[in-house]
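Structure data (compact mmCIF, C-alpha atoms) from protein-v5.txt:
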```txt
# COMPACT_ATOMS: atom_id res chain seq x y z
CA MET A 1 104.31 103.32 51.97
CA VAL A 2 102.11 105.99 53.52
CA LYS A 3 99.20 103.78 52.52
CA GLN A 4 100.70 100.77 54.31
CA VAL A 5 101.25 102.85 57.45
CA ARG A 6 97.66 104.07 57.34
CA ALA A 7 96.38 100.51 56.82
CA ALA A 8 98.43 99.28 59.81
CA ARG A 9 97.06 102.12 61.98
CA THR A 10 93.49 101.33 60.94
CA ARG A 11 94.02 97.66 61.75
CA GLN A 12 95.41 98.51 65.19
CA ALA A 13 92.53 100.90 65.88
CA LEU A 14 90.05 98.15 64.95
CA ILE A 15 91.75 95.56 67.17
CA ARG A 16 91.80 97.98 70.10
CA ALA A 17 88.17 99.03 69.61
CA ALA A 18 87.05 95.40 69.31
CA ALA A 19 89.04 94.43 72.40
CA GLU A 20 87.37 97.21 74.41
CA ALA A 21 83.95 96.13 73.14
CA PHE A 22 84.51 92.40 73.83
CA ALA A 23 85.94 93.02 77.30
CA HIS A 24 83.17 95.43 78.28
CA ASP A 25 80.04 94.14 76.50
CA GLY A 26 80.97 90.50 75.96
CA TYR A 27 81.30 88.69 72.62
CA ALA A 28 77.56 88.25 71.97
CA ARG A 29 76.68 91.93 72.46
CA ALA A 30 79.67 93.56 70.75
CA SER A 31 78.49 94.58 67.28
CA LEU A 32 80.68 95.25 64.22
CA PRO A 33 79.00 98.63 63.51
CA ALA A 34 79.70 99.73 67.10
CA ILE A 35 83.31 98.53 66.76
CA SER A 36 83.95 100.43 63.51
CA ARG A 37 82.31 103.54 65.02
CA ARG A 38 84.50 103.20 68.12
CA ALA A 39 87.59 102.82 65.92
CA GLY A 40 86.53 105.81 63.80
CA VAL A 41 86.67 103.84 60.55
CA SER A 42 84.04 102.86 57.99
CA ALA A 43 82.24 99.51 57.99
CA GLY A 44 83.96 98.86 54.67
CA ALA A 45 87.39 99.38 56.20
CA LEU A 46 86.51 96.98 59.01
CA HIS A 47 85.41 94.28 56.56
CA PHE A 48 88.54 94.87 54.46
CA HIS A 49 90.72 94.02 57.48
CA PHE A 50 88.43 91.52 59.27
CA PRO A 51 85.72 89.55 57.44
CA SER A 52 83.87 88.71 60.67
CA LYS A 53 83.54 89.21 64.43
CA ASP A 54 85.10 85.77 64.80
CA ALA A 55 88.17 86.93 62.84
CA LEU A 56 88.54 89.99 65.09
CA ALA A 57 88.23 87.89 68.25
CA GLY A 58 90.71 85.34 66.87
CA GLU A 59 93.24 88.09 66.17
CA ILE A 60 92.82 89.48 69.70
CA GLU A 61 93.15 86.02 71.26
CA SER A 62 96.33 85.15 69.40
CA THR A 63 97.87 88.59 70.06
CA ALA A 64 97.11 88.28 73.79
CA ALA A 65 98.42 84.69 73.85
CA ARG A 66 101.71 85.87 72.28
CA THR A 67 101.97 88.62 74.91
CA VAL A 68 101.43 86.05 77.68
CA GLU A 69 104.11 83.80 76.19
CA GLU A 70 106.65 86.64 75.83
CA MET A 71 105.84 87.88 79.34
CA THR A 72 106.16 84.52 81.06
CA GLY A 73 109.19 83.59 78.98
CA SER A 74 111.08 86.59 80.32
CA CYS A 75 110.10 86.12 84.00
CA ARG A 76 112.94 85.04 86.25
CA ALA A 77 112.95 85.38 90.04
CA LEU A 78 116.13 86.93 91.43
CA ASP A 79 116.31 84.14 93.97
CA GLY A 80 115.79 81.54 91.25
CA SER A 81 112.76 80.04 93.00
CA ALA A 82 109.90 78.79 90.81
CA LEU A 83 107.24 80.23 93.14
CA GLY A 84 109.07 83.57 93.02
CA GLU A 85 108.96 83.34 89.22
CA LEU A 86 105.19 82.75 89.40
CA VAL A 87 104.71 85.79 91.64
CA ALA A 88 106.81 87.87 89.20
CA ALA A 89 104.65 86.69 86.28
CA ILE A 90 101.39 87.46 88.15
CA ARG A 91 102.70 90.98 88.87
CA ARG A 92 103.49 91.51 85.21
CA LEU A 93 100.20 90.02 84.08
CA VAL A 94 98.22 92.37 86.31
CA VAL A 95 100.12 95.38 84.92
CA ALA A 96 99.54 94.16 81.35
CA LEU A 97 95.82 93.57 82.03
CA ALA A 98 95.45 97.08 83.42
CA ALA A 99 97.31 98.68 80.51
CA ASP A 100 96.18 96.66 77.51
CA PRO A 101 92.55 96.13 76.43
CA VAL A 102 93.72 93.35 74.09
CA MET A 103 94.99 91.40 77.11
CA ARG A 104 91.76 92.07 79.03
CA ALA A 105 89.69 90.90 76.06
CA GLY A 106 91.91 87.85 75.64
CA PHE A 107 91.12 86.72 79.18
CA THR A 108 87.43 87.67 79.22
CA LEU A 109 86.81 85.97 75.83
CA GLY A 110 88.35 82.87 77.37
CA GLY A 111 85.60 82.86 79.97
CA ASP A 112 82.81 84.08 77.67
CA PRO A 113 80.24 81.32 77.01
CA ALA A 114 79.19 83.07 73.79
CA ARG A 115 82.70 82.67 72.35
CA ASP A 116 83.83 79.31 71.00
CA GLY A 117 87.48 78.37 71.00
CA GLY A 118 88.39 81.53 72.89
CA ALA A 119 90.59 79.67 75.34
CA THR A 120 93.91 80.34 73.54
CA VAL A 121 95.07 82.87 76.13
CA LEU A 122 93.92 80.81 79.10
CA ASP A 123 95.68 77.78 77.63
CA SER A 124 98.96 79.70 77.33
CA TRP A 125 98.63 81.07 80.86
CA HIS A 126 97.46 77.78 82.39
CA GLY A 127 100.18 75.84 80.56
CA TRP A 128 102.92 78.09 81.85
CA VAL A 129 101.55 78.24 85.41
CA ARG A 130 101.32 74.42 85.53
CA GLU A 131 104.88 74.10 84.25
CA VAL A 132 106.29 76.52 86.84
CA VAL A 133 104.26 75.02 89.73
CA PHE A 134 105.38 71.50 88.80
CA ARG A 135 108.96 72.82 88.72
CA ALA A 136 108.37 74.28 92.19
CA GLN A 137 107.23 70.84 93.31
CA GLU A 138 110.28 69.09 91.80
CA ASP A 139 112.53 71.65 93.51
CA GLY A 140 110.84 70.90 96.83
CA GLU A 141 109.27 74.37 97.02
CA LEU A 142 105.76 72.95 97.41
CA ALA A 143 104.60 71.30 100.61
CA ASP A 144 104.23 67.51 100.40
CA GLY A 145 100.68 66.46 99.70
CA LEU A 146 99.82 69.76 98.04
CA SER A 147 98.90 68.98 94.44
CA ALA A 148 100.66 71.11 91.84
CA ASP A 149 97.55 70.75 89.66
CA CYS A 150 95.32 72.29 92.30
CA VAL A 151 97.71 75.18 92.96
CA ALA A 152 98.00 75.92 89.21
CA GLY A 153 94.23 75.54 88.82
CA ALA A 154 93.50 77.97 91.64
CA VAL A 155 95.95 80.55 90.27
CA VAL A 156 94.36 80.38 86.79
CA ALA A 157 90.79 80.29 88.15
CA ALA A 158 91.47 83.34 90.31
CA THR A 159 93.07 85.20 87.37
CA VAL A 160 90.01 84.52 85.21
CA GLY A 161 87.58 85.26 88.05
CA PHE A 162 89.20 88.62 88.78
CA GLU A 163 89.06 89.52 85.09
CA VAL A 164 85.45 88.38 84.57
CA LEU A 165 84.22 90.15 87.72
CA GLY A 166 86.35 93.21 86.99
CA SER A 167 84.96 93.55 83.47
CA ARG A 168 81.38 93.48 84.81
CA GLU A 169 82.05 95.84 87.65
CA ARG A 170 85.02 98.19 87.18
CA ASP A 171 87.18 98.12 90.29
CA TRP A 172 85.27 95.18 91.67
CA LEU A 173 88.52 94.69 93.51
CA PRO A 174 91.70 96.50 92.44
CA LYS A 175 93.92 93.93 90.73
CA GLU A 176 96.81 95.05 92.90
CA ARG A 177 94.94 93.11 95.56
CA MET A 178 95.38 89.93 93.56
CA VAL A 179 99.12 90.60 93.40
CA GLU A 180 99.14 91.29 97.14
CA PHE A 181 97.27 88.03 97.71
CA TRP A 182 99.55 85.78 95.66
CA THR A 183 102.70 87.53 96.80
CA CYS A 184 101.63 86.88 100.35
CA LEU A 185 100.30 83.42 99.73
CA LEU A 186 102.58 81.53 97.37
CA PRO A 187 105.58 81.47 99.69
CA ARG A 188 103.24 79.99 102.33
CA LEU A 189 102.48 76.95 100.18
CA ALA A 190 105.82 75.60 101.20
CA THR A 191 105.70 76.43 104.89
CA VAL A 192 104.44 73.04 106.07
CA PRO A 193 103.68 69.59 104.72
CA CYS A 194 100.04 69.62 103.73
CA GLY A 195 98.03 66.50 104.35
CA ALA A 196 95.07 68.86 103.90
CA PRO A 197 94.06 68.59 107.54
CA ASP A 198 90.41 69.47 107.84
CA PRO A 199 89.87 72.39 110.20
CA VAL A 200 86.20 71.48 110.24
CA ARG A 201 86.32 67.78 111.01
CA ASP A 202 89.50 67.95 113.04
CA ALA A 203 89.79 69.38 116.53
CA GLY A 204 91.29 72.48 114.95
CA PRO A 205 93.19 73.70 111.94
CA THR A 206 96.53 72.09 112.68
CA GLY A 207 97.75 72.60 109.14
CA ASP A 208 100.19 75.13 110.48
CA ARG A 209 102.11 72.74 112.71
CA GLY A 210 105.11 71.22 111.04
CA PRO A 211 108.73 71.83 110.13
CA GLU A 212 109.88 75.34 109.26
CA SER A 213 109.59 76.56 105.71
CA SER A 214 111.92 75.00 103.21
CA LEU A 215 111.82 78.31 101.34
CA ALA A 216 112.76 80.42 104.36
CA GLY A 217 116.00 78.52 104.66
CA ARG A 218 117.11 79.37 101.13
CA MET B 1 44.94 70.05 93.36
CA VAL B 2 46.32 67.63 90.76
CA LYS B 3 46.43 70.64 88.43
CA GLN B 4 48.49 72.65 90.93
CA VAL B 5 50.92 69.77 91.38
CA ARG B 6 51.31 69.45 87.61
CA ALA B 7 51.88 73.22 87.29
CA ALA B 8 54.54 73.14 90.02
CA ARG B 9 56.28 70.20 88.30
CA THR B 10 56.24 72.02 84.95
CA ARG B 11 57.68 75.14 86.56
CA GLN B 12 60.48 73.12 88.19
CA ALA B 13 61.24 71.32 84.91
CA LEU B 14 61.49 74.70 83.14
CA ILE B 15 63.78 76.18 85.79
CA ARG B 16 66.05 73.14 85.64
CA ALA B 17 66.13 73.07 81.83
CA ALA B 18 66.88 76.80 81.70
CA ALA B 19 69.61 76.46 84.31
CA GLU B 20 71.28 73.69 82.31
CA ALA B 21 71.02 75.78 79.13
CA PHE B 22 72.37 78.98 80.76
CA ALA B 23 75.25 77.18 82.50
CA HIS B 24 76.24 75.26 79.37
CA ASP B 25 75.50 77.62 76.46
CA GLY B 26 75.57 80.99 78.23
CA TYR B 27 72.72 83.50 78.50
CA ALA B 28 73.00 84.89 74.96
CA ARG B 29 72.85 81.50 73.24
CA ALA B 30 70.24 79.77 75.37
CA SER B 31 66.95 79.97 73.46
CA LEU B 32 63.44 79.68 74.89
CA PRO B 33 62.38 77.06 72.28
CA ALA B 34 65.42 74.93 73.20
CA ILE B 35 64.56 75.34 76.91
CA SER B 36 60.91 74.29 76.51
CA ARG B 37 62.03 71.32 74.37
CA ARG B 38 64.60 70.35 77.01
CA ALA B 39 61.91 70.61 79.70
CA GLY B 40 59.49 68.58 77.58
CA VAL B 41 56.78 71.25 77.74
CA SER B 42 55.11 73.43 75.11
CA ALA B 43 56.23 76.98 74.28
CA GLY B 44 52.83 78.08 75.58
CA ALA B 45 53.45 76.43 78.95
CA LEU B 46 56.84 78.14 79.18
CA HIS B 47 55.32 81.56 78.47
CA PHE B 48 52.52 80.88 80.97
CA HIS B 49 55.12 80.40 83.74
CA PHE B 50 57.85 82.78 82.49
CA PRO B 51 57.12 85.70 80.14
CA SER B 52 60.78 86.06 79.11
CA LYS B 53 64.32 84.66 79.25
CA ASP B 54 65.09 87.45 81.69
CA ALA B 55 62.31 86.23 84.01
CA LEU B 56 63.70 82.66 83.89
CA ALA B 57 67.24 83.87 84.63
CA GLY B 58 65.96 86.09 87.46
CA GLU B 59 64.13 83.13 89.04
CA ILE B 60 67.29 81.00 88.81
CA GLU B 61 69.46 83.76 90.28
CA SER B 62 67.19 84.39 93.27
CA THR B 63 66.75 80.63 93.92
CA ALA B 64 70.54 80.11 93.84
CA ALA B 65 71.09 83.17 96.05
CA ARG B 66 68.63 81.76 98.63
CA THR B 67 70.48 78.42 98.55
CA VAL B 68 73.80 80.23 99.15
CA GLU B 69 72.30 82.14 102.08
CA GLU B 70 70.80 79.01 103.68
CA MET B 71 74.05 77.11 103.11
CA THR B 72 76.36 79.75 104.57
CA GLY B 73 73.93 80.49 107.39
CA SER B 74 74.16 76.89 108.61
CA CYS B 75 77.97 76.58 108.35
CA ARG B 76 79.75 76.37 111.66
CA ALA B 77 83.27 75.07 112.17
CA LEU B 78 83.61 72.55 115.00
CA ASP B 79 86.58 74.49 116.31
CA GLY B 80 84.64 77.75 116.08
CA SER B 81 87.28 79.38 113.87
CA ALA B 82 86.09 81.73 111.14
CA LEU B 83 88.56 80.35 108.59
CA GLY B 84 87.33 76.85 109.43
CA GLU B 85 83.80 78.08 108.80
CA LEU B 86 84.90 79.42 105.40
CA VAL B 87 86.47 76.08 104.48
CA ALA B 88 83.25 74.31 105.55
CA ALA B 89 81.19 76.65 103.36
CA ILE B 90 83.48 76.16 100.35
CA ARG B 91 83.14 72.37 100.76
CA ARG B 92 79.35 72.68 100.82
CA LEU B 93 79.30 75.09 97.91
CA VAL B 94 81.33 72.73 95.74
CA VAL B 95 78.96 69.85 96.54
CA ALA B 96 75.94 72.06 95.76
CA LEU B 97 77.51 73.25 92.48
CA ALA B 98 78.16 69.67 91.40
CA ALA B 99 74.64 68.52 92.32
CA ASP B 100 72.45 71.46 91.31
CA PRO B 101 72.30 73.04 87.82
CA VAL B 102 70.44 76.02 89.32
CA MET B 103 73.47 76.77 91.51
CA ARG B 104 75.85 76.34 88.54
CA ALA B 105 73.72 78.67 86.43
CA GLY B 106 73.50 81.17 89.29
CA PHE B 107 77.29 81.48 89.39
CA THR B 108 77.91 81.38 85.63
CA LEU B 109 75.18 84.00 84.97
CA GLY B 110 76.99 86.18 87.50
CA GLY B 111 80.05 86.12 85.27
CA ASP B 112 78.20 86.17 81.94
CA PRO B 113 78.74 89.49 80.11
CA ALA B 114 75.51 88.94 78.15
CA ARG B 115 73.48 88.91 81.37
CA ASP B 116 72.67 92.18 83.14
CA GLY B 117 72.10 92.26 86.87
CA GLY B 118 72.99 88.60 87.20
CA ALA B 119 75.27 89.20 90.15
CA THR B 120 72.71 88.35 92.86
CA VAL B 121 74.37 85.02 93.70
CA LEU B 122 77.89 86.43 93.61
CA ASP B 123 76.79 89.29 95.86
CA SER B 124 75.37 86.84 98.42
CA TRP B 125 78.51 84.69 98.29
CA HIS B 126 80.95 87.63 98.29
CA GLY B 127 79.04 89.36 101.10
CA TRP B 128 79.20 86.29 103.33
CA VAL B 129 82.85 85.51 102.51
CA ARG B 130 83.85 89.10 103.33
CA GLU B 131 81.94 88.97 106.60
CA VAL B 132 83.57 85.71 107.69
CA VAL B 133 87.08 86.80 106.61
CA PHE B 134 86.73 90.11 108.47
CA ARG B 135 85.60 88.10 111.51
CA ALA B 136 88.71 85.95 111.10
CA GLN B 137 90.77 89.14 111.09
CA GLU B 138 89.05 90.50 114.22
CA ASP B 139 89.64 87.16 115.94
CA GLY B 140 93.35 87.36 115.04
CA GLU B 141 93.11 84.39 112.67
CA LEU B 142 94.54 86.40 109.77
CA ALA B 143 98.20 87.37 109.58
CA ASP B 144 98.88 91.07 110.23
CA GLY B 145 99.17 93.04 107.01
CA LEU B 146 97.10 90.53 105.06
CA SER B 147 94.06 92.42 103.82
CA ALA B 148 90.74 90.72 104.54
CA ASP B 149 89.39 92.31 101.34
CA CYS B 150 92.04 90.65 99.23
CA VAL B 151 91.53 87.24 100.83
CA ALA B 152 87.75 87.49 100.34
CA GLY B 153 88.24 88.77 96.80
CA ALA B 154 90.56 85.90 95.89
CA VAL B 155 88.17 83.29 97.33
CA VAL B 156 85.25 84.72 95.33
CA ALA B 157 87.31 85.23 92.17
CA ALA B 158 88.55 81.63 92.33
CA THR B 159 85.00 80.33 92.91
CA VAL B 160 83.75 82.21 89.85
CA GLY B 161 86.81 81.30 87.78
CA PHE B 162 86.43 77.58 88.54
CA GLU B 163 82.75 77.75 87.59
CA VAL B 164 83.27 79.75 84.39
CA LEU B 165 86.14 77.53 83.23
CA GLY B 166 84.33 74.38 84.33
CA SER B 167 81.20 75.31 82.39
CA ARG B 168 83.26 75.78 79.19
CA GLU B 169 85.30 72.67 79.64
CA ARG B 170 83.71 69.95 81.77
CA ASP B 171 86.25 68.69 84.29
CA TRP B 172 88.60 71.53 83.49
CA LEU B 173 89.75 70.78 86.98
CA PRO B 174 87.66 68.67 89.37
CA LYS B 175 86.12 71.03 91.92
CA GLU B 176 87.36 68.78 94.70
CA ARG B 177 90.70 70.33 93.82
CA MET B 178 89.38 73.74 94.78
CA VAL B 179 88.29 72.33 98.14
CA GLU B 180 91.72 70.70 98.54
CA PHE B 181 93.37 74.02 97.72
CA TRP B 182 91.42 76.17 100.17
CA THR B 183 91.47 73.52 102.89
CA CYS B 184 95.21 73.44 102.57
CA LEU B 185 95.67 77.15 102.12
CA LEU B 186 93.34 79.04 104.44
CA PRO B 187 94.94 77.83 107.68
CA ARG B 188 98.25 79.07 106.25
CA LEU B 189 97.02 82.63 106.00
CA ALA B 190 97.57 82.93 109.72
CA THR B 191 100.97 81.28 109.93
CA VAL B 192 103.07 84.46 109.77
CA PRO B 193 102.69 88.23 109.70
CA CYS B 194 102.49 89.23 106.07
CA GLY B 195 104.19 92.40 105.00
CA ALA B 196 103.84 90.96 101.52
CA PRO B 197 107.61 90.57 101.12
CA ASP B 198 108.52 90.40 97.47
CA PRO B 199 110.26 87.12 96.65
CA VAL B 200 111.32 88.69 93.37
CA ARG B 201 112.84 91.96 94.54
CA ASP B 202 114.03 90.56 97.87
CA ALA B 203 116.92 88.21 98.31
CA GLY B 204 114.38 85.44 98.69
CA PRO B 205 110.82 84.83 99.81
CA THR B 206 111.21 85.43 103.50
CA GLY B 207 107.48 85.72 104.03
CA ASP B 208 107.66 82.51 106.00
CA ARG B 209 109.89 83.81 108.77
CA GLY B 210 108.01 85.05 111.77
CA PRO B 211 106.22 83.98 114.92
CA GLU B 212 104.41 80.66 115.06
CA SER B 213 100.83 80.43 113.93
CA SER B 214 98.23 81.97 116.17
CA LEU B 215 95.84 79.27 114.91
CA ALA B 216 98.12 76.39 115.77
CA GLY B 217 98.05 77.44 119.40
CA ARG B 218 94.25 77.24 119.60
```
Could you take the file, read its structure, and then write that structure out as structure tokens?
Amino acid sequence: MVKQVRAARTRQALIRAAAEAFAHDGYARASLPAISRRAGVSAGALHFHFPSKDALAGEIESTAARTVEEMTGSCRALDGSALGELVAAIRRLVVALAADPVMRAGFTLGGDPARDGGATVLDSWHGWVREVVFRAQEDGELADGLSADCVAGAVVAATVGFEVLGSRERDWLPKERMVEFWTCLLPRLATVPCGAPDPVRDAGPTGDRGPESSLAGR
Amino acid sequence: MVKQVRAARTRQALIRAAAEAFAHDGYARASLPAISRRAGVSAGALHFHFPSKDALAGEIESTAARTVEEMTGSCRALDGSALGELVAAIRRLVVALAADPVMRAGFTLGGDPARDGGATVLDSWHGWVREVVFRAQEDGELADGLSADCVAGAVVAATVGFEVLGSRERDWLPKERMVEFWTCLLPRLATVPCGAPDPVRDAGPTGDRGPESSLAGR
């Protein structure tokens, strides 16, 4: 029993150490000896739990993907709006990314060109974001002419970009800023019908003219 | 003379081949033999022009950074608005990224954890975006309470995210979608004062209530 508990602790220490190494150094540079040193366990113990770097990364990716699924599954906006639900999920995601190296590694591995098939976490996140944005569109929360695909794509791209840039340069921009941005922005996506007027070709950015927000009325 | 022309052609072929390799395989995986093969030149010719992979990447990064500076320097919105200028620059950037592997590599190297000091292009892009967004704020184009830093950060993060995801998965989302998104979105950042009301904690997302757009009046 004691042995099982110790084995579980060692495994967790290895996963955490590997996550920190992958998120900080990238997949290509993170070495198994450095990971076992960081975890304070022997190389033998590492190989007992994880036969390869790929196995460690796979474990981190699936753990982070599960966290994303649990997190998004439990997000409900008090006002029942889909865009509100998305903002709630982004808030939670940012907290989870700040607190959990496994989540950070999950997202950075997804954008790491040295890592094959590391997109599990991004797929979970992107899948959920698309679903909720399409729901927003069905519920009339999105402006006409604004593609749900492009909103979902931009949310996911920004999430990944913040994580990739943040992992290179700590506090590149505090992630709270991303929350601030989406909290401020998402409700605006419904303010006016969007024929994507071109502020450059047109006389001026007239994208703001139009009926009042359909959200504001709710 | 003929010799100089041939040398210049070889150099260009090497830069292009390296850019394609870095953007597609990442810095860690791209190998010099594969790059010289791709360029159709000998390993000796590669080493004559570039002593190392680092030298090749550095050349690509500074070339892409110059392109970004020329591109942003020549962007002017017809209506003279700063946000319009940003939309114009994003349109141009997306075209340049689609057309030029050196630009793609410049941005992906900036987010590649295996590449040190590869942030030259991102720094140029981020620096210009911040400058134009702060100008928008000074000109009253940004809603009160909306931080220029967070708008600039989100634009840069999304640019990098689109590029990183796109390089892993061709046509992850057509980049035209990013243009569509920002064209649609940026004019909305001025529509209402933004105290970043919380659509989750609040009764509902009321961020849309407020005075009419200051842009719309221009």
Surrounding residues of Ala65 (chain A) excluding itself and chain neighbours under 4 positions, 9 Å, only C-alpha atoms, as a PyMOL selection string: chain A and resi 60-61+69-70+103+106+120-125
**Asked** Please, what distance in Å, to one decimal, runs between CA of Ala105 (chain B) and CA of Glu20 (chain B)?
**Response**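 Between CA of Ala105 (chain B) and CA of Glu20 (chain B) the gap works out to 6.9 Å.
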For CA of Pro101 (chain A) and CA of Ala18 (chain A), the interatomic separation in Å (one decimal) =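 So the two atoms, CA of Pro101 (chain A) and CA of Ala18 (chain A), lie 9.0 Å apart.
Across B:Val129, B:Ala64, B:Val95, B:Cys75, the tightest approach to chain A is made by B:Cys75 when counting all atoms listed in the file.
Between CA of Ala148 (chain A) and CA of Leu86 (chain A) lies a distance of 12.7 Å.
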Requested in this report: Give me the residues within 12 Å of His49 (chain B) as a PyMOL selection string, counting all atoms listed in the file and dropping any in the same chain fewer than 6 places off.
Outcome: chain B and resi 7-15+36+41-43+55-56+59
Restricting to all atoms listed in the file, whichever of B:Ser52, B:Ser74, B:Ser167, B:Thr63 is closest to chain A is B:Ser167
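For Ala23 (chain B), the list of residues within 10 Å, based on all atoms listed in the file and with local chain neighbours fewer than 4 positions off taken out, reads A:Pro113, B:Ala18, B:Ala19, B:Tyr27, B:Ala30, B:Pro101, B:Val102, B:Met103, B:Arg104, B:Ala105, B:Gly106, B:Phe107, B:Thr108, B:Leu109, B:Asp112, B:Glu163, B:Val164, B:Gly166, B:Ser167, B:Arg168.
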The residue from A:Gly127, A:Gly84, A:Pro33, A:Gly110 with the smallest atom-to-atom distance to chain B, counting all atoms listed in the file, is A:Gly84
My list of candidates is A:Gly111, A:Phe50, A:Thr183, A:Glu138. Which is closest to Ala157 (chain A) when distances are computed with only C-alpha atoms?
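Counting only C-alpha atoms, the residue closest to Ala157 (chain A) is A:Gly111.
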Do you know which residues are at most 6 Å from Ala158 (chain A) counting only C-alpha atoms, after dropping those on the same chain fewer than 4 positions away, and could you put them as a ChimeraX atom specification? /A:154,162 /B:157-158,161
In terms of only C-alpha atoms, the residue from A:Ile35, A:Val160, A:Ala143, A:Ala57 at minimal distance from chain B is A:Val160
Legend entry - Non-local contacts of Val132 (chain B) (9 Å; all atoms listed in the file; under 3 positions in same chain excluded) as a list of chain:residue names: B:Ala82, B:Leu83, B:Glu85, B:Leu86, B:Gly127, B:Trp128, B:Val129, B:Arg135, B:Ala136, B:Gln137, B:Ala152
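Distance check against chain B using only C-alpha atoms: of A:Ala45, A:Val87, A:Leu142, A:Val94, the minimum falls on A:Val87.
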Kindly complete region 64-75 of chain A to N, CA and C atoms; the output should be written as a compact mmCIF listing (two decimals), in the frame of the given file.
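Below you can see selection16.txt, which holds the result:
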```
# COMPACT_ATOMS: atom_id res chain seq x y z
N ALA A 64 97.00 88.34 72.33
CA ALA A 64 97.11 88.28 73.79
C ALA A 64 97.91 87.04 74.22
N ALA A 65 97.70 85.93 73.51
CA ALA A 65 98.42 84.69 73.85
C ALA A 65 99.92 84.89 73.63
N ARG A 66 100.28 85.58 72.53
CA ARG A 66 101.71 85.87 72.28
C ARG A 66 102.28 86.72 73.40
N THR A 67 101.50 87.75 73.82
CA THR A 67 101.97 88.62 74.91
C THR A 67 102.21 87.80 76.17
N VAL A 68 101.27 86.89 76.49
CA VAL A 68 101.43 86.05 77.68
C VAL A 68 102.70 85.21 77.56
N GLU A 69 102.94 84.65 76.37
CA GLU A 69 104.11 83.80 76.19
C GLU A 69 105.42 84.59 76.32
N GLU A 70 105.45 85.81 75.72
CA GLU A 70 106.65 86.64 75.83
C GLU A 70 106.87 87.03 77.29
N MET A 71 105.78 87.41 77.95
CA MET A 71 105.84 87.88 79.34
C MET A 71 106.36 86.78 80.27
N THR A 72 105.76 85.62 80.18
CA THR A 72 106.16 84.52 81.06
C THR A 72 107.56 84.03 80.70
N GLY A 73 107.87 84.05 79.41
CA GLY A 73 109.19 83.59 78.98
C GLY A 73 110.32 84.42 79.56
N SER A 74 110.02 85.69 79.86
CA SER A 74 111.08 86.59 80.32
C SER A 74 111.06 86.76 81.84
N CYS A 75 110.20 86.00 82.53
CA CYS A 75 110.10 86.12 84.00
C CYS A 75 111.12 85.21 84.68
```
